[in-house]
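> Dumping the structure here so I can ask a few things about it.
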Amino acid sequence: MKRARLTMPLSGDSATIKPSPPHPLPLLPPTPPQTAQVLLKKPRRAILKRPTALFSTAAPDSSTWAPLNLSQSELSLPLTFPTGQTFRWRQTGHLQYTGSVGPHLISLKHHDDDNGGVYYHVHRTPSHSDAESALLDFLNAEVSLADLWREFSASDPRFAELAQQLRGARVLRQDPLECLIQFLCSSNNNIGRITKMVNFLSSLGECLGTVGDFEFHEFPTLERLAGVTEQQLREAGFGYRAKYITGTVDALQSKPGGGSEWLASMRKLNLPVVIDALSTLPGVGPKVAACIALFSLDQHHAIPVDTHVWQIATRYLLPELAGTRLTRKLCGRVADAFVMKYGKYAGWAQTLLFIAELPPQKALVSLNSRSSEESESLKGKDKKAKKGEAVVALKS
Ligand SMILES: Nc1nc2[nH]c(O)nc2c(=O)[nH]1
């Protein structure tokens with residue numbers, strides 16, 4: 001394991017920030033029709049627009065961008081941010097993503113001239129040194145992905161092959177409340193729609209500024225989240241998830257000592273206890289609980305299991321169960337199979353296997369494996385040609 005170090009001082013805040021005042025609550029438009037289409041067709045102001053680079057996409061200006069001690073194979077931004085762990089970061093330029101970590105508004109980008117090494121820029125923060133440590137913590141920077149993936153690859157040749165092609169898919173360490181609310185939005189949903197719902201809730205938080213076309217907010221506190229009603233969420237297109245969000249916020253507010261503290265305390269507990277505790281919250285089933293545990297509560301062997309992961313498991317880990325239907329009991333068997341195969345960071349292995357099944361990565365992997373099959377085939381035909389045998393031209 002290694003700890004990443006920040007090696008350059010940060011500059012002051014970016015001149016591009018246009019902080020706007022915090023929102024009054026509630027925030028919802030008064031008269032929308034009551035379907036999810038409202039959310040999908042009439043985006044509110046912070047909802048996705050065309051990303052534009054506000055900063056130069058050439059070499060970062062060293063006075064404002066500082067290197068993280070993380071190579072591209074330790075952290076790939078496109079494989080980590082838009083792939084289903086968080087729905088709060090936006091692409092704000094070429095290989096550049098922007099989001100908030102607590103009260104800090106930060107951009108990260110790969111540097112073309114530095115082997116894709118990751119650089120960061122803090123746009124707004126109450127304290128630069130706090131921003132640095134919060135960023136490293138959020139990135140789980142003390143975990144060496146290279147060490148983990150070497151171990152996984154040694155016990156699984158398929159993992160080894162994917163790892164070559166999809167380097168740097170890292171598990172984040174998010175704020176537990178932020179992660180919980182995002183995954184309540186995720187049930188039976190796709191990344192685009194989840195992002196819009198999360199954006200809607202995020203806009204209840206303190207506005208941190210604008211980068212490119214996007215406005216960024218600190219994630220709202222429980223008190224702020226409590227200001228939105230189930231009816232308002234339904235009107236905004238949350239459907240049945242509306243009651244899970246308000247129910248969970250109420251349940252957290254009633255925890256002695258505070259809901260955020262109750263969630264944070266789970267970082268020190270064992271996984272089964274954590275899953276049971278999270279499952280008492282409205283809308284939290286085993287899959288959502290495992291996502292929250294893995295992406296925010298230091299439960300590195302939590303395995304989210306849904307139909308997609310079931311497909312992966314029956315193809316590669318439990319072929320004897322192929323063709324059977326996923327049940328709650330089988331979810332436990334899948335999770336055990338992952339842990340048997342990959343060990344105490346099995347959730348990090350699941351993350352790569354999950355990402356490899358998302359359409360953009362799946363297309364890339366299949367393209368690469370097709371071209372390597374083709375080049376193997378070409379090599380074979382070359383040998384035959386040398387021996388004077390006929391070579392049939394390959395169509396691309
Ligand atoms: N790595 C994973 N990310 C996810 N997002 C989501 O909604 N499900 C998953 C998952 O199973 N793994």
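Following the order of the structure tokens, first chain is A, next is B, and so on, with residues numbered from 1 inside each chain and ligands from 1 in the order they appear.
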Per residue of chain A within 7 Å of ligand 1, what are the shortest atom pair and its distance in Å to one decimal, counting only C-alpha atoms and all ligand atoms, with rows by chain and residue number, as JSON lines?


```
{"residue": "A:Thr83", "atom": "CA", "partner": "ligand 1", "partner_atom_place_in_ligand_line": "3 (N)", "distance": 6.8}
{"residue": "A:Gly84", "atom": "CA", "partner": "ligand 1", "partner_atom_place_in_ligand_line": "5 (N)", "distance": 4.0}
{"residue": "A:Gln85", "atom": "CA", "partner": "ligand 1", "partner_atom_place_in_ligand_line": "3 (N)", "distance": 5.0}
{"residue": "A:Ser186", "atom": "CA", "partner": "ligand 1", "partner_atom_place_in_ligand_line": "7 (O)", "distance": 6.0}
{"residue": "A:Cys291", "atom": "CA", "partner": "ligand 1", "partner_atom_place_in_ligand_line": "9 (C)", "distance": 6.4}
{"residue": "A:Pro304", "atom": "CA", "partner": "ligand 1", "partner_atom_place_in_ligand_line": "11 (O)", "distance": 4.5}
{"residue": "A:Val305", "atom": "CA", "partner": "ligand 1", "partner_atom_place_in_ligand_line": "11 (O)", "distance": 5.9}
{"residue": "A:Asp306", "atom": "CA", "partner": "ligand 1", "partner_atom_place_in_ligand_line": "11 (O)", "distance": 6.6}
{"residue": "A:Val309", "atom": "CA", "partner": "ligand 1", "partner_atom_place_in_ligand_line": "11 (O)", "distance": 6.4}
{"residue": "A:Gln350", "atom": "CA", "partner": "ligand 1", "partner_atom_place_in_ligand_line": "1 (N)", "distance": 6.2}
{"residue": "A:Thr351", "atom": "CA", "partner": "ligand 1", "partner_atom_place_in_ligand_line": "1 (N)", "distance": 3.5}
{"residue": "A:Leu352", "atom": "CA", "partner": "ligand 1", "partner_atom_place_in_ligand_line": "1 (N)", "distance": 6.7}
{"residue": "A:Phe354", "atom": "CA", "partner": "ligand 1", "partner_atom_place_in_ligand_line": "12 (N)", "distance": 5.2}
{"residue": "A:Ile355", "atom": "CA", "partner": "ligand 1", "partner_atom_place_in_ligand_line": "1 (N)", "distance": 6.3}
```

> Could the residues in this selection be saved with N, CA, C and O atoms as an mmCIF file, in the first residue's frame?


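After the write, again.cif holds the following:
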```
data_model
loop_
_atom_site.group_PDB
_atom_site.id
_atom_site.type_symbol
_atom_site.label_atom_id
_atom_site.label_comp_id
_atom_site.auth_asym_id
_atom_site.auth_seq_id
_atom_site.Cartn_x
_atom_site.Cartn_y
_atom_site.Cartn_z
ATOM 1 N N THR A 83 -18.900 6.214 -13.645
ATOM 2 C CA THR A 83 -19.161 4.781 -13.813
ATOM 3 C C THR A 83 -20.002 4.176 -12.680
ATOM 4 O O THR A 83 -19.904 2.990 -12.394
ATOM 5 N N GLY A 84 -20.831 4.996 -12.055
ATOM 6 C CA GLY A 84 -21.830 4.423 -11.148
ATOM 7 C C GLY A 84 -21.510 4.413 -9.671
ATOM 8 O O GLY A 84 -22.278 3.873 -8.897
ATOM 9 N N GLN A 85 -20.374 5.023 -9.261
ATOM 10 C CA GLN A 85 -20.092 5.112 -7.823
ATOM 11 C C GLN A 85 -20.602 6.409 -7.245
ATOM 12 O O GLN A 85 -21.047 6.487 -6.120
ATOM 13 N N SER A 186 -30.768 5.441 -6.880
ATOM 14 C CA SER A 186 -30.264 4.552 -7.930
ATOM 15 C C SER A 186 -31.154 3.334 -8.190
ATOM 16 O O SER A 186 -30.978 2.661 -9.201
ATOM 17 N N CYS A 291 -23.559 -1.116 -1.739
ATOM 18 C CA CYS A 291 -22.928 0.022 -2.430
ATOM 19 C C CYS A 291 -22.490 1.087 -1.419
ATOM 20 O O CYS A 291 -21.376 1.618 -1.496
ATOM 21 N N PRO A 304 -21.901 -5.507 -3.929
ATOM 22 C CA PRO A 304 -23.259 -5.229 -4.410
ATOM 23 C C PRO A 304 -23.647 -6.293 -5.445
ATOM 24 O O PRO A 304 -22.879 -6.559 -6.368
ATOM 25 N N VAL A 305 -24.804 -6.900 -5.233
ATOM 26 C CA VAL A 305 -25.239 -7.939 -6.183
ATOM 27 C C VAL A 305 -26.588 -7.547 -6.779
ATOM 28 O O VAL A 305 -27.559 -7.324 -6.050
ATOM 29 N N ASP A 306 -26.612 -7.400 -8.071
ATOM 30 C CA ASP A 306 -27.870 -7.214 -8.792
ATOM 31 C C ASP A 306 -27.854 -8.153 -9.996
ATOM 32 O O ASP A 306 -26.947 -8.994 -10.105
ATOM 33 N N VAL A 309 -24.495 -8.183 -11.845
ATOM 34 C CA VAL A 309 -23.405 -8.853 -11.128
ATOM 35 C C VAL A 309 -23.682 -10.369 -11.085
ATOM 36 O O VAL A 309 -22.754 -11.189 -11.157
ATOM 37 N N GLN A 350 -14.806 -6.379 -7.678
ATOM 38 C CA GLN A 350 -16.168 -6.306 -8.234
ATOM 39 C C GLN A 350 -16.338 -5.018 -9.025
ATOM 40 O O GLN A 350 -16.988 -4.988 -10.066
ATOM 41 N N THR A 351 -15.743 -3.941 -8.515
ATOM 42 C CA THR A 351 -15.900 -2.643 -9.179
ATOM 43 C C THR A 351 -15.360 -2.693 -10.613
ATOM 44 O O THR A 351 -16.011 -2.233 -11.543
ATOM 45 N N LEU A 352 -14.189 -3.274 -10.793
ATOM 46 C CA LEU A 352 -13.660 -3.357 -12.157
ATOM 47 C C LEU A 352 -14.563 -4.247 -13.030
ATOM 48 O O LEU A 352 -14.881 -3.897 -14.174
ATOM 49 N N PHE A 354 -17.681 -4.860 -12.728
ATOM 50 C CA PHE A 354 -18.938 -4.139 -12.983
ATOM 51 C C PHE A 354 -18.731 -3.087 -14.079
ATOM 52 O O PHE A 354 -19.500 -2.989 -15.032
ATOM 53 N N ILE A 355 -17.669 -2.322 -13.943
ATOM 54 C CA ILE A 355 -17.395 -1.251 -14.915
ATOM 55 C C ILE A 355 -17.164 -1.827 -16.311
ATOM 56 O O ILE A 355 -17.595 -1.259 -17.320
#
```

> Can you list every residue in region 137-351 of chain A that DSSP puts in helix (DSSP H, G or I), as number ranges by chain?

A: 137-138, 145-155, 157-165, 176-185, 191-202, 222-225, 230-235, 241-253, 259-268, 271-278, 286-296, 307-316, 319-321, 328-351

> So, counting only C-alpha atoms, which residue among A:Glu206, A:Gln311, A:Pro272, A:Ile303 is closest to Arg325 (chain A)?

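Residue with the minimum atom-to-atom distance to Arg325 (chain A): A:Gln311.
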
> Would you pick out the contacts of Pro282 (chain A) at 9 Å or less, using only C-alpha atoms, so that residues sharing its chain but fewer than 5 positions from it are not included, and give the list as a list in words?

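Listing them by chain and then by number gives Leu184, Lys243, Tyr244, Ile245, Thr246, Gly247, Thr248 and Ala251 of chain A.
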
> Save out the residues we just selected, N, CA, C and O atoms, as a PDB file, in the first residue's frame.


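And here's out28.pdb as it stands now:
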```pdb
ATOM      1  N   LEU A 184     -30.068   5.776  -2.863  1.00  0.00           N
ATOM      2  CA  LEU A 184     -31.537   5.680  -2.784  1.00  0.00           C
ATOM      3  C   LEU A 184     -32.144   6.082  -4.137  1.00  0.00           C
ATOM      4  O   LEU A 184     -33.189   5.569  -4.531  1.00  0.00           O
ATOM      5  N   LYS A 243     -40.575   8.657  -1.274  1.00  0.00           N
ATOM      6  CA  LYS A 243     -40.864   8.307   0.135  1.00  0.00           C
ATOM      7  C   LYS A 243     -39.659   7.645   0.806  1.00  0.00           C
ATOM      8  O   LYS A 243     -39.490   7.730   2.007  1.00  0.00           O
ATOM      9  N   TYR A 244     -38.800   7.027   0.027  1.00  0.00           N
ATOM     10  CA  TYR A 244     -37.586   6.462   0.630  1.00  0.00           C
ATOM     11  C   TYR A 244     -36.664   7.587   1.117  1.00  0.00           C
ATOM     12  O   TYR A 244     -36.045   7.490   2.176  1.00  0.00           O
ATOM     13  N   ILE A 245     -36.591   8.631   0.319  1.00  0.00           N
ATOM     14  CA  ILE A 245     -35.671   9.715   0.693  1.00  0.00           C
ATOM     15  C   ILE A 245     -36.185  10.448   1.931  1.00  0.00           C
ATOM     16  O   ILE A 245     -35.456  10.611   2.913  1.00  0.00           O
ATOM     17  N   THR A 246     -37.451  10.826   1.909  1.00  0.00           N
ATOM     18  CA  THR A 246     -37.949  11.556   3.090  1.00  0.00           C
ATOM     19  C   THR A 246     -37.979  10.622   4.311  1.00  0.00           C
ATOM     20  O   THR A 246     -37.665  11.049   5.425  1.00  0.00           O
ATOM     21  N   GLY A 247     -38.335   9.348   4.106  1.00  0.00           N
ATOM     22  CA  GLY A 247     -38.367   8.386   5.225  1.00  0.00           C
ATOM     23  C   GLY A 247     -36.988   8.181   5.819  1.00  0.00           C
ATOM     24  O   GLY A 247     -36.810   8.130   7.044  1.00  0.00           O
ATOM     25  N   THR A 248     -35.992   8.071   4.959  1.00  0.00           N
ATOM     26  CA  THR A 248     -34.614   7.866   5.439  1.00  0.00           C
ATOM     27  C   THR A 248     -34.105   9.119   6.160  1.00  0.00           C
ATOM     28  O   THR A 248     -33.464   9.029   7.218  1.00  0.00           O
ATOM     29  N   ALA A 251     -35.664   9.106   9.508  1.00  0.00           N
ATOM     30  CA  ALA A 251     -35.065   8.071  10.373  1.00  0.00           C
ATOM     31  C   ALA A 251     -33.690   8.522  10.867  1.00  0.00           C
ATOM     32  O   ALA A 251     -33.349   8.346  12.041  1.00  0.00           O
TER      33      ALA A 251
END
```

> Given only C-alpha atoms as the basis, pick out the residue of A:Leu136, A:Ala163, A:Ala322, A:Met340 nearest to Arg150 (chain A).

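Nearest to Arg150 (chain A): A:Ala163.
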
> Among the residues of region 57-299 of chain A, find those DSSP assigns to strand (DSSP E) from the backbone and print them as a PyMOL selection string.

chain A and resi 66-67+90-93+96-101+104-110+118-124+207-211+214-217

> Just the number, please: distance in Å from CA of Cys185 (chain A) to CA of Arg173 (chain A), one decimal.

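Interatomic distance here is 18.6 Å.
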
> Using only C-alpha atoms, which residue out of A:Leu162, A:Val273, A:Ile194, A:Val365 lies closest to Leu353 (chain A)?

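So, comparing all the options, the nearest one is A:Leu162.
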
> Measuring between only C-alpha atoms, which one of A:Thr324, A:Gln174, A:Gln165, A:Ser254 shows the shortest distance to Leu281 (chain A)?

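Under the stated criterion, the closest residue is A:Ser254.
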
> Could you jot down the CA of Asn270 (chain A) to CA of His300 (chain A) separation for me, Å, one decimal place?

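It comes out at 10.8 Å.
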
> Find, counting only C-alpha atoms, the residue in A:His217, A:His121, A:Arg170, A:Arg193 that gets nearest to Leu77 (chain A).

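Checking each candidate against Leu77 (chain A), we get A:Arg170 as the closest.
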
> Given only C-alpha atoms as the basis, pick out the residue of A:Thr229, A:Asn199, A:Asn115, A:Gln72 nearest to Gly99 (chain A).

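Smallest distance to Gly99 (chain A) is found for A:Asn199.
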
> For Leu75 (chain A), please output as a PyMOL selection string all residues within 9 Å (counting only C-alpha atoms; exclusion window: fewer than 5 positions along the same chain).

chain A and resi 70+80+117-118+139+145+167-170

> Please identify all polymer residues within 8 Å of Cys179 (chain A), counting only C-alpha atoms, omitting same-chain residues fewer than 2 positions from it, and present them as a PyMOL selection string.

chain A and resi 86+174-177+181-183+292+295-296
